[in-house]
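Student: Right, I'll just put the structure down here and ask away after.
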Amino acid sequence: MAEEFEKTQDLTPEQAEAEGEASVHSCCARTKKRSDDEVRKLMNRLKRIEGQIRGIEGMLEKDAFCPDIMIQVSAVNCALNSFNKELLAQHIRSCVVDDIKAGKDGTIDELVKVLQKVMK
């Protein structure tokens with residue numbers, strides 16, 4: 001799979017799509033092949049967040065005190081921020097670095113726009 005990723009990384013999105021490999025190449029095609037370990041770690045984080053959300057639902061059903069619910073919502077926000085930080089770090093280490101090495105300077109502008117949206 002790593003050889004397949006390297007092979008298609010130099011293709012334009014149109015070339016990769018024509019070869020039936022659009023799901024394998026770099027972020028410019030809006031897809032990203034992650035290692036099994038990356039997926040597992042990110043999915044584990046999301047499952048914990050999902051559990052926290054279900055806990056908040058349960059608190060509402062049990063008429064929990066408002067401040068207690070708000071504290072749990074704050075914990076979910078922190079967990080989502082941590083998820084985003086990890087995803088951003090992976091994106092910079094892979095997609096952004098690869099694009100810069102390939103001379104794709106527009107990636108920096110795209111990263112700045114994403115950060116502006118995320119940091120609202």
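A note on labels: chains of the structure tokens are A, B, ... as shown, every chain counts residues from 1, and ligands are counted from 1 in their shown order.
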With a distance cut-off of 10 Å and only C-alpha atoms, select the neighbouring residues of Asn77 in chain A, excluding the residue or stretch itself and same-chain residues fewer than 6 positions from it, and output the selection as a PyMOL selection string.

Tutor: chain A and resi 49+71+83

Student: Tell me which protein, DNA and RNA residues are within 12 Å of Ala75 in chain A, counting only C-alpha atoms, leaving out same-chain ones fewer than 2 positions away, and put them as a VMD selection string.

Tutor: chain A and resid 48 to 53 55 to 56 68 to 73 77 to 82

Student: Could you tell me how far CA of Asp109 in chain A lies from CA of Lys41 in chain A, in Å and to one decimal?

Tutor: 28.1 Å

Student: Quick one: distance from CA of Val118 in chain A to CA of Asn84 in chain A in Å, one decimal?

Tutor: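 Straight-line distance from CA of Val118 in chain A to CA of Asn84 in chain A works out to 8.5 Å.
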
Student: Just give me the gap between CA of Thr107 in chain A and CA of His91 in chain A in Å, one decimal is fine.

Tutor: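 Distance between the two atoms: 11.0 Å.
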
Student: Write out as a list in words which residues come within 12 Å of Val39 in chain A when counting only C-alpha atoms, dropping same-chain ones fewer than 6 positions away.

Tutor: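 Non-adjacent residues within range: Lys32, Lys33, Arg45, Leu46, Lys47, Phe83, Glu86, Leu87 and Gln90 of chain A.
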
Student: Next, dump the selected residues to file, keeping only all heavy atoms, as an mmCIF file, in the first residue's frame.

Tutor:
```
data_model
loop_
_atom_site.group_PDB
_atom_site.id
_atom_site.type_symbol
_atom_site.label_atom_id
_atom_site.label_comp_id
_atom_site.auth_asym_id
_atom_site.auth_seq_id
_atom_site.Cartn_x
_atom_site.Cartn_y
_atom_site.Cartn_z
ATOM 1 N N LYS A 32 -7.436 11.087 2.129
ATOM 2 C CA LYS A 32 -6.178 10.859 2.833
ATOM 3 C C LYS A 32 -6.153 9.421 3.300
ATOM 4 O O LYS A 32 -7.017 8.999 4.064
ATOM 5 C CB LYS A 32 -6.080 11.813 4.025
ATOM 6 C CG LYS A 32 -5.007 11.489 5.048
ATOM 7 C CD LYS A 32 -3.659 11.884 4.537
ATOM 8 C CE LYS A 32 -2.641 11.903 5.660
ATOM 9 N NZ LYS A 32 -1.743 10.791 5.627
ATOM 10 N N LYS A 33 -5.191 8.665 2.844
ATOM 11 C CA LYS A 33 -5.020 7.297 3.303
ATOM 12 C C LYS A 33 -4.226 7.343 4.602
ATOM 13 O O LYS A 33 -3.104 7.840 4.639
ATOM 14 C CB LYS A 33 -4.289 6.461 2.236
ATOM 15 C CG LYS A 33 -4.142 5.028 2.618
ATOM 16 C CD LYS A 33 -5.490 4.357 2.711
ATOM 17 C CE LYS A 33 -5.343 2.915 3.165
ATOM 18 N NZ LYS A 33 -6.588 2.391 3.685
ATOM 19 N N ARG A 45 -10.671 7.946 20.035
ATOM 20 C CA ARG A 45 -11.021 9.261 20.578
ATOM 21 C C ARG A 45 -12.483 9.591 20.294
ATOM 22 O O ARG A 45 -13.210 10.070 21.162
ATOM 23 C CB ARG A 45 -10.136 10.357 19.974
ATOM 24 C CG ARG A 45 -8.744 10.431 20.536
ATOM 25 C CD ARG A 45 -7.968 11.535 19.821
ATOM 26 N NE ARG A 45 -6.629 11.660 20.324
ATOM 27 C CZ ARG A 45 -6.257 12.587 21.206
ATOM 28 N NH1 ARG A 45 -7.133 13.463 21.659
ATOM 29 N NH2 ARG A 45 -5.021 12.645 21.634
ATOM 30 N N LEU A 46 -12.916 9.344 19.061
ATOM 31 C CA LEU A 46 -14.301 9.652 18.699
ATOM 32 C C LEU A 46 -15.296 8.801 19.477
ATOM 33 O O LEU A 46 -16.354 9.285 19.879
ATOM 34 C CB LEU A 46 -14.518 9.466 17.198
ATOM 35 C CG LEU A 46 -13.902 10.532 16.307
ATOM 36 C CD1 LEU A 46 -14.100 10.170 14.832
ATOM 37 C CD2 LEU A 46 -14.478 11.905 16.602
ATOM 38 N N LYS A 47 -14.952 7.552 19.717
ATOM 39 C CA LYS A 47 -15.850 6.673 20.477
ATOM 40 C C LYS A 47 -15.972 7.149 21.932
ATOM 41 O O LYS A 47 -17.048 7.094 22.517
ATOM 42 C CB LYS A 47 -15.382 5.227 20.401
ATOM 43 C CG LYS A 47 -15.628 4.627 19.021
ATOM 44 C CD LYS A 47 -15.093 3.218 18.925
ATOM 45 C CE LYS A 47 -15.081 2.735 17.505
ATOM 46 N NZ LYS A 47 -16.343 2.275 17.022
ATOM 47 N N PHE A 83 -9.002 16.121 19.656
ATOM 48 C CA PHE A 83 -9.107 15.347 18.424
ATOM 49 C C PHE A 83 -8.629 16.194 17.242
ATOM 50 O O PHE A 83 -7.841 15.748 16.407
ATOM 51 C CB PHE A 83 -10.563 14.901 18.212
ATOM 52 C CG PHE A 83 -10.784 14.165 16.921
ATOM 53 C CD1 PHE A 83 -10.584 12.803 16.845
ATOM 54 C CD2 PHE A 83 -11.200 14.850 15.780
ATOM 55 C CE1 PHE A 83 -10.783 12.119 15.650
ATOM 56 C CE2 PHE A 83 -11.404 14.170 14.590
ATOM 57 C CZ PHE A 83 -11.193 12.806 14.524
ATOM 58 N N GLU A 86 -4.814 16.660 17.168
ATOM 59 C CA GLU A 86 -4.130 15.460 16.688
ATOM 60 C C GLU A 86 -4.264 15.336 15.173
ATOM 61 O O GLU A 86 -3.299 15.052 14.471
ATOM 62 C CB GLU A 86 -4.688 14.213 17.373
ATOM 63 C CG GLU A 86 -4.002 12.934 16.965
ATOM 64 C CD GLU A 86 -2.514 12.897 17.274
ATOM 65 O OE1 GLU A 86 -2.086 13.485 18.284
ATOM 66 O OE2 GLU A 86 -1.772 12.262 16.490
ATOM 67 N N LEU A 87 -5.467 15.563 14.661
ATOM 68 C CA LEU A 87 -5.697 15.494 13.223
ATOM 69 C C LEU A 87 -4.884 16.563 12.496
ATOM 70 O O LEU A 87 -4.281 16.296 11.450
ATOM 71 C CB LEU A 87 -7.190 15.652 12.938
ATOM 72 C CG LEU A 87 -7.686 15.238 11.568
ATOM 73 C CD1 LEU A 87 -7.361 13.786 11.255
ATOM 74 C CD2 LEU A 87 -9.186 15.461 11.484
ATOM 75 N N GLN A 90 -1.204 15.539 12.357
ATOM 76 C CA GLN A 90 -0.993 14.522 11.323
ATOM 77 C C GLN A 90 -1.045 15.142 9.926
ATOM 78 O O GLN A 90 -0.251 14.792 9.055
ATOM 79 C CB GLN A 90 -2.042 13.413 11.439
ATOM 80 C CG GLN A 90 -1.861 12.536 12.650
ATOM 81 C CD GLN A 90 -2.970 11.497 12.769
ATOM 82 O OE1 GLN A 90 -3.767 11.291 11.854
ATOM 83 N NE2 GLN A 90 -3.025 10.839 13.912
#
```

Student: Find the residues around Val96 in chain A up to 12 Å (only C-alpha atoms counted), leave out those fewer than 3 positions away in its own chain, and share them as a ChimeraX atom specification.

Tutor: /A:26-28,32,88-93,99-112

Student: Okay, now the selection with C-alpha atoms, as a CSV table (one decimal), in the first residue's frame?

Tutor:
```
chain,number,residue,atom,x,y,z
A,26,SER,CA,-2.5,13.0,-1.3
A,27,CYS,CA,-4.8,15.6,0.3
A,28,CYS,CA,-5.1,17.7,-2.9
A,32,LYS,CA,-6.2,10.9,2.8
A,88,LEU,CA,-4.1,18.8,12.5
A,89,ALA,CA,-0.7,17.6,13.6
A,90,GLN,CA,-1.0,14.5,11.3
A,91,HIS,CA,-2.1,16.7,8.4
A,92,ILE,CA,0.9,19.0,8.8
A,93,ARG,CA,3.4,16.1,9.2
A,99,ASP,CA,3.0,19.4,-0.7
A,100,ILE,CA,5.7,21.9,0.3
A,101,LYS,CA,8.4,19.5,-0.8
A,102,ALA,CA,6.6,19.1,-4.1
A,103,GLY,CA,6.6,22.9,-4.5
A,104,LYS,CA,2.8,23.3,-3.9
A,105,ASP,CA,2.9,26.6,-2.0
A,106,GLY,CA,-0.9,27.0,-2.1
A,107,THR,CA,-1.0,24.4,0.6
A,108,ILE,CA,0.1,27.1,3.1
A,109,ASP,CA,-2.7,29.4,2.2
A,110,GLU,CA,-5.2,26.5,2.5
A,111,LEU,CA,-3.7,25.6,6.0
A,112,VAL,CA,-4.1,29.2,7.1
```
